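Input: a single structure, listed below in structure tokens.
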2 protein chains.
Amino acid sequence: MFFCSNCGAEVVEKIPAGDSRLRHICERCDTIHYQNPKIVAGCLPVWEDRLLLCRRAIEPRFGLWTLPAGFMENGESTEQAAARETLEEACAEVVDLALYGVFSIPHINQVYMMFRACLASGNFSPGEETLETRLFSEHEIPWEQLAFPVVRRTLERYYQDLKGDGFPVHVEDILRHPPRRAGGAL
Amino acid sequence: MFFCSNCGAEVVEKIPAGDSRLRHICERCDTIHYQNPKIVAGCLPVWEDRLLLCRRAIEPRFGLWTLPAGFMENGESTEQAAARETLEEACAEVVDLALYGVFSIPHINQVYMMFRACLASGNFSPGEETLETRLFSEHEIPWEQLAFPVVRRTLERYYQDLKGDGFPVHVEDILRHPPRRAGGAL
């Protein structure tokens with residue numbers, strides 16, 4: 001951010017009075033421009049015993065597999081955002097959404113909110129940002145070709161819970177460098 | 001938003017190619033300025049059988065009671081944000097945070113993420129944005145002087161669940177006009 005979106009003057013970086021963080025401030029119109037994390041909402045779409053994944057037709061991670069997810073828009077709820085993204089990326093209608101994972105990713109200022117959901121029908125096809133949509137059984141999941149760590153984490157939790165007796169809501173952080181045991185090998 | 005924060009030119013409102021929503025666009029540097037919902041993170045701080053509320057020293061809703069909560073910052077997790085806000089507003093340290101409510105409020109582009117939490121000690125006092133901090137038993141809750149509908153909803157769910165056998169994660173929307181029964185009285 002270089003210019004004030006309110007008046008067009010150059011902004012400076014300063015800590016406002018009563019605050020403790022550097023903000024972009026306009027000294028002409030006195031606007032403080034806060035920047036906050038964004039929500040990425042998405043689904044784990046289930047059809048019988050398989051999950052629907054999408055192969056990305058856009059950067060980053062072109063060609064890799066992901067769960068349908070994207071930035072929540074103003075004016076919608078988290079569930080609406082997750083269902084809309086699934087419709088846009090996989091042309092698939094989902095029902096019975098249940099919050100499943102809240103994953104904070106502090107180093108990229110994102111919070112993923114992933115919902116378990118049922119495909120309303122067996123119908124799906126690639127949306128504009130998708131090369132290919134496909135249902136996967138557990139043993140078919142392309143673990144080495146997943147687009148993002150949060151997709152891997154969501155799928156890992158899902159298959160763990162599937163063997164247990166329920167689906168708790170997972171609230172976890174995904175950090176840039178996974179902690180390693182002190183002095184230990186990888 | 002009137003000016004491009006990247007180059008300072010005036011922005012226009014247009015639907016970008018491949019998009020379906022009006023965005024602020026800079027036709028000089030081709031930047032699309034997306035606007036997205038913000039996360040408000042907060043706590044339901046418990047001490048023995050009482051809850052800690054804060055009376056607001058700032059607008060909006062100056063003088064009314066709220067749960068400690070505020071805008072999540074870049075670089076933190078949702079739990080860190082909730083704990084930080086509790087420290088800032090009530091000078092209270094919380095532990096054992098457990099996600100309790102995800103409340104989408106589409107008409108103001110906010111998602112509240114409320115955590116049940118335990119006060120680490122009986123110590124608390126008003127922060128800079130707070131007039132007064134106090135522990136309330138259920139029958140003392142100032143229902144008619146709560147600052148926001150989301151505070152009421154969180155407290156209502158909490159006292160309902162407290163009489164049951166657990167605390168599920170509530171995922172709900174808070175709409176501007178609560179639906180009324182067709183033809184019914186208020």
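Just so we're on the same page: first chain in the structure tokens is A, next is B, and so on; residues restart at 1 for each chain, and ligands are numbered from 1 in the order they show up.
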Find the residues of chain B that sit at most 8 Å from chain A; for each, write down the nearest two atoms and how far apart they are in Å, to one decimal. Count only C-alpha atoms. Sort by chain, then by number going up, and give it as JSON lines.
{"residue": "B:Met1", "atom": "CA", "partner": "A:Ser5", "partner_atom": "CA", "distance": 5.2}
{"residue": "B:Phe2", "atom": "CA", "partner": "A:Asn6", "partner_atom": "CA", "distance": 5.4}
{"residue": "B:Phe3", "atom": "CA", "partner": "A:Ser5", "partner_atom": "CA", "distance": 4.4}
{"residue": "B:Cys4", "atom": "CA", "partner": "A:Ser5", "partner_atom": "CA", "distance": 5.7}
{"residue": "B:Ser5", "atom": "CA", "partner": "A:Phe3", "partner_atom": "CA", "distance": 4.4}
{"residue": "B:Asn6", "atom": "CA", "partner": "A:Phe2", "partner_atom": "CA", "distance": 5.4}
{"residue": "B:Cys7", "atom": "CA", "partner": "A:Phe3", "partner_atom": "CA", "distance": 6.6}
{"residue": "B:Gly8", "atom": "CA", "partner": "A:Gly8", "partner_atom": "CA", "distance": 5.2}
{"residue": "B:Ala9", "atom": "CA", "partner": "A:Gly8", "partner_atom": "CA", "distance": 7.2}
{"residue": "B:Glu10", "atom": "CA", "partner": "A:Gly8", "partner_atom": "CA", "distance": 7.7}
{"residue": "B:Gln35", "atom": "CA", "partner": "A:Asn74", "partner_atom": "CA", "distance": 6.9}
{"residue": "B:Asn36", "atom": "CA", "partner": "A:Asn74", "partner_atom": "CA", "distance": 5.1}
{"residue": "B:Pro37", "atom": "CA", "partner": "A:Asn74", "partner_atom": "CA", "distance": 5.3}
{"residue": "B:Lys38", "atom": "CA", "partner": "A:Asn36", "partner_atom": "CA", "distance": 6.7}
{"residue": "B:Ile39", "atom": "CA", "partner": "A:Pro37", "partner_atom": "CA", "distance": 7.3}
{"residue": "B:Phe71", "atom": "CA", "partner": "A:Asn36", "partner_atom": "CA", "distance": 7.6}
{"residue": "B:Met72", "atom": "CA", "partner": "A:Asn36", "partner_atom": "CA", "distance": 6.5}
{"residue": "B:Glu73", "atom": "CA", "partner": "A:Asn36", "partner_atom": "CA", "distance": 5.3}
{"residue": "B:Asn74", "atom": "CA", "partner": "A:Asn36", "partner_atom": "CA", "distance": 5.2}
{"residue": "B:Gly75", "atom": "CA", "partner": "A:Pro106", "partner_atom": "CA", "distance": 4.4}
{"residue": "B:Glu76", "atom": "CA", "partner": "A:Pro106", "partner_atom": "CA", "distance": 5.0}
{"residue": "B:Ser77", "atom": "CA", "partner": "A:Ser104", "partner_atom": "CA", "distance": 5.1}
{"residue": "B:Thr78", "atom": "CA", "partner": "A:Ser104", "partner_atom": "CA", "distance": 6.4}
{"residue": "B:Leu99", "atom": "CA", "partner": "A:Val171", "partner_atom": "CA", "distance": 7.3}
{"residue": "B:Ser104", "atom": "CA", "partner": "A:Ser77", "partner_atom": "CA", "distance": 5.1}
{"residue": "B:Ile105", "atom": "CA", "partner": "A:Ser77", "partner_atom": "CA", "distance": 7.0}
{"residue": "B:Pro106", "atom": "CA", "partner": "A:Gly75", "partner_atom": "CA", "distance": 4.4}
{"residue": "B:His107", "atom": "CA", "partner": "A:Gly75", "partner_atom": "CA", "distance": 5.7}
{"residue": "B:Ile108", "atom": "CA", "partner": "A:Gly75", "partner_atom": "CA", "distance": 7.4}
{"residue": "B:Asn109", "atom": "CA", "partner": "A:Asn74", "partner_atom": "CA", "distance": 5.2}
{"residue": "B:Val111", "atom": "CA", "partner": "A:Thr78", "partner_atom": "CA", "distance": 7.9}
{"residue": "B:Val169", "atom": "CA", "partner": "A:Val169", "partner_atom": "CA", "distance": 7.3}
{"residue": "B:Val171", "atom": "CA", "partner": "A:Leu99", "partner_atom": "CA", "distance": 7.3}
{"residue": "B:Asp173", "atom": "CA", "partner": "A:Ser77", "partner_atom": "CA", "distance": 6.8}
Taking N, CA and C atoms for each residue, export the selection above as an mmCIF file, in the first residue's frame.
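This is the output file selection08.cif:
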data_model
loop_
_atom_site.group_PDB
_atom_site.id
_atom_site.type_symbol
_atom_site.label_atom_id
_atom_site.label_comp_id
_atom_site.auth_asym_id
_atom_site.auth_seq_id
_atom_site.Cartn_x
_atom_site.Cartn_y
_atom_site.Cartn_z
ATOM 1 N N MET B 1 -13.805 3.473 -1.150
ATOM 2 C CA MET B 1 -12.520 3.483 -1.849
ATOM 3 C C MET B 1 -12.618 4.326 -3.114
ATOM 4 N N PHE B 2 -11.774 5.361 -3.197
ATOM 5 C CA PHE B 2 -11.808 6.270 -4.339
ATOM 6 C C PHE B 2 -10.521 6.212 -5.170
ATOM 7 N N PHE B 3 -9.406 5.866 -4.524
ATOM 8 C CA PHE B 3 -8.110 5.919 -5.201
ATOM 9 C C PHE B 3 -7.382 4.577 -5.060
ATOM 10 N N CYS B 4 -6.540 4.301 -6.039
ATOM 11 C CA CYS B 4 -5.761 3.062 -6.043
ATOM 12 C C CYS B 4 -4.665 3.149 -4.985
ATOM 13 N N SER B 5 -4.625 2.175 -4.074
ATOM 14 C CA SER B 5 -3.618 2.204 -3.015
ATOM 15 C C SER B 5 -2.243 1.814 -3.550
ATOM 16 N N ASN B 6 -2.195 1.314 -4.765
ATOM 17 C CA ASN B 6 -0.918 0.950 -5.364
ATOM 18 C C ASN B 6 -0.268 2.104 -6.127
ATOM 19 N N CYS B 7 -1.086 2.830 -6.951
ATOM 20 C CA CYS B 7 -0.483 3.877 -7.795
ATOM 21 C C CYS B 7 -1.100 5.261 -7.576
ATOM 22 N N GLY B 8 -2.195 5.365 -6.832
ATOM 23 C CA GLY B 8 -2.771 6.673 -6.524
ATOM 24 C C GLY B 8 -3.774 7.207 -7.540
ATOM 25 N N ALA B 9 -3.997 6.481 -8.647
ATOM 26 C CA ALA B 9 -4.991 6.927 -9.636
ATOM 27 C C ALA B 9 -6.406 6.710 -9.100
ATOM 28 N N GLU B 10 -7.380 7.401 -9.702
ATOM 29 C CA GLU B 10 -8.766 7.152 -9.293
ATOM 30 C C GLU B 10 -9.188 5.756 -9.734
ATOM 31 N N GLN B 35 -12.402 -6.603 -1.613
ATOM 32 C CA GLN B 35 -12.756 -6.317 -0.220
ATOM 33 C C GLN B 35 -13.446 -7.546 0.347
ATOM 34 N N ASN B 36 -13.020 -7.945 1.527
ATOM 35 C CA ASN B 36 -13.481 -9.217 2.098
ATOM 36 C C ASN B 36 -13.885 -9.039 3.549
ATOM 37 N N PRO B 37 -14.673 -9.997 4.062
ATOM 38 C CA PRO B 37 -15.118 -9.899 5.470
ATOM 39 C C PRO B 37 -13.941 -9.936 6.437
ATOM 40 N N LYS B 38 -14.163 -9.354 7.587
ATOM 41 C CA LYS B 38 -13.145 -9.357 8.638
ATOM 42 C C LYS B 38 -13.562 -10.316 9.757
ATOM 43 N N ILE B 39 -12.563 -10.879 10.403
ATOM 44 C CA ILE B 39 -12.791 -11.760 11.545
ATOM 45 C C ILE B 39 -12.711 -10.943 12.829
ATOM 46 N N PHE B 71 -10.989 -7.063 16.232
ATOM 47 C CA PHE B 71 -10.528 -7.496 14.917
ATOM 48 C C PHE B 71 -9.224 -8.288 15.019
ATOM 49 N N MET B 72 -9.242 -9.450 14.405
ATOM 50 C CA MET B 72 -8.034 -10.262 14.278
ATOM 51 C C MET B 72 -7.006 -9.493 13.452
ATOM 52 N N GLU B 73 -5.733 -9.585 13.856
ATOM 53 C CA GLU B 73 -4.651 -8.893 13.158
ATOM 54 C C GLU B 73 -3.905 -9.852 12.232
ATOM 55 N N ASN B 74 -3.283 -9.297 11.205
ATOM 56 C CA ASN B 74 -2.372 -10.095 10.389
ATOM 57 C C ASN B 74 -1.295 -10.724 11.269
ATOM 58 N N GLY B 75 -0.894 -11.944 10.932
ATOM 59 C CA GLY B 75 0.229 -12.578 11.620
ATOM 60 C C GLY B 75 -0.152 -13.332 12.874
ATOM 61 N N GLU B 76 -1.418 -13.392 13.215
ATOM 62 C CA GLU B 76 -1.803 -14.158 14.401
ATOM 63 C C GLU B 76 -2.819 -15.232 14.032
ATOM 64 N N SER B 77 -3.017 -16.171 14.975
ATOM 65 C CA SER B 77 -4.044 -17.194 14.807
ATOM 66 C C SER B 77 -5.332 -16.691 15.445
ATOM 67 N N THR B 78 -6.436 -17.390 15.168
ATOM 68 C CA THR B 78 -7.721 -16.963 15.743
ATOM 69 C C THR B 78 -7.665 -17.021 17.274
ATOM 70 N N LEU B 99 -12.990 -23.367 20.640
ATOM 71 C CA LEU B 99 -13.908 -22.680 19.727
ATOM 72 C C LEU B 99 -15.342 -23.004 20.104
ATOM 73 N N SER B 104 -21.579 -15.670 11.367
ATOM 74 C CA SER B 104 -21.462 -14.797 10.192
ATOM 75 C C SER B 104 -22.477 -13.675 10.309
ATOM 76 N N ILE B 105 -22.040 -12.465 10.049
ATOM 77 C CA ILE B 105 -22.942 -11.306 10.059
ATOM 78 C C ILE B 105 -22.796 -10.626 8.696
ATOM 79 N N PRO B 106 -23.524 -11.160 7.693
ATOM 80 C CA PRO B 106 -23.259 -10.750 6.305
ATOM 81 C C PRO B 106 -23.467 -9.250 6.054
ATOM 82 N N HIS B 107 -24.416 -8.632 6.729
ATOM 83 C CA HIS B 107 -24.713 -7.231 6.381
ATOM 84 C C HIS B 107 -23.646 -6.266 6.879
ATOM 85 N N ILE B 108 -22.765 -6.712 7.754
ATOM 86 C CA ILE B 108 -21.636 -5.851 8.137
ATOM 87 C C ILE B 108 -20.288 -6.503 7.788
ATOM 88 N N ASN B 109 -20.347 -7.565 7.008
ATOM 89 C CA ASN B 109 -19.118 -8.197 6.501
ATOM 90 C C ASN B 109 -18.158 -8.598 7.625
ATOM 91 N N VAL B 111 -17.215 -11.884 10.517
ATOM 92 C CA VAL B 111 -17.405 -13.225 11.068
ATOM 93 C C VAL B 111 -16.824 -13.219 12.476
ATOM 94 N N VAL B 169 -19.810 -26.731 18.752
ATOM 95 C CA VAL B 169 -19.459 -25.483 18.073
ATOM 96 C C VAL B 169 -20.695 -25.012 17.313
ATOM 97 N N VAL B 171 -22.453 -22.816 14.556
ATOM 98 C CA VAL B 171 -22.177 -22.080 13.317
ATOM 99 C C VAL B 171 -23.496 -21.478 12.876
ATOM 100 N N ASP B 173 -25.819 -17.722 11.487
ATOM 101 C CA ASP B 173 -25.811 -16.390 10.880
ATOM 102 C C ASP B 173 -26.598 -15.440 11.775
#
Residual C-alpha RMSD for chain A onto chain B, least squares, all atoms in order?
0.3 Å
DSSP strand (DSSP E or B) residues within range 21-139 of chain B, as a ChimeraX atom specification:
/B:23-25,32-33,38-47,50-56,65-66,69-71,94-105,110-119,130-136
Could you please write out, as number ranges by chain, every residue of chain B that DSSP assigns to alpha helix (DSSP H)?
B: 78-90, 149-162
With C-alpha atoms retained, could you export that selection as a CSV table (one decimal), in the first residue's frame?
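To be explicit, this is the file written out as again_37.csv:
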chain,number,residue,atom,x,y,z
B,78,THR,CA,-7.7,-17.0,15.7
B,79,GLU,CA,-6.9,-18.1,19.3
B,80,GLN,CA,-4.1,-15.7,19.7
B,81,ALA,CA,-6.4,-12.9,18.5
B,82,ALA,CA,-9.1,-13.9,21.0
B,83,ALA,CA,-6.6,-14.1,23.9
B,84,ARG,CA,-5.0,-10.8,22.9
B,85,GLU,CA,-8.3,-9.0,22.8
B,86,THR,CA,-9.2,-10.3,26.3
B,87,LEU,CA,-5.9,-9.1,27.6
B,88,GLU,CA,-6.3,-5.7,26.0
B,89,GLU,CA,-9.9,-5.1,27.0
B,90,ALA,CA,-10.0,-6.8,30.4
B,149,PRO,CA,-26.7,-9.1,19.0
B,150,VAL,CA,-23.8,-11.5,18.7
B,151,VAL,CA,-23.0,-11.0,22.4
B,152,ARG,CA,-26.6,-11.9,23.3
B,153,ARG,CA,-26.5,-14.9,21.0
B,154,THR,CA,-23.3,-16.2,22.4
B,155,LEU,CA,-24.5,-15.9,26.0
B,156,GLU,CA,-27.9,-17.5,25.1
B,157,ARG,CA,-26.2,-20.5,23.6
B,158,TYR,CA,-23.8,-20.8,26.5
B,159,TYR,CA,-26.5,-20.9,29.2
B,160,GLN,CA,-28.5,-23.3,27.1
B,161,ASP,CA,-25.6,-25.7,26.6
B,162,LEU,CA,-24.5,-25.4,30.3
Between A:Leu119, A:Ile25, A:Ile32, A:Leu97, which one has atoms that come closest to Glu48 in chain A, using only C-alpha atoms?
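Nearest to Glu48 in chain A: A:Leu119.
Across the structure, CA of Cys91 in chain B and CA of Leu44 in chain B are spaced 14.2 Å apart.
Coordinates place CA of Tyr112 in chain A at a distance of 23.9 Å from CA of Asp49 in chain A.
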Considering only C-alpha atoms, can you say which of A:Gly166, A:His24, A:Ala92, A:Ala147 comes closest to Leu135 in chain A?
A:Ala92
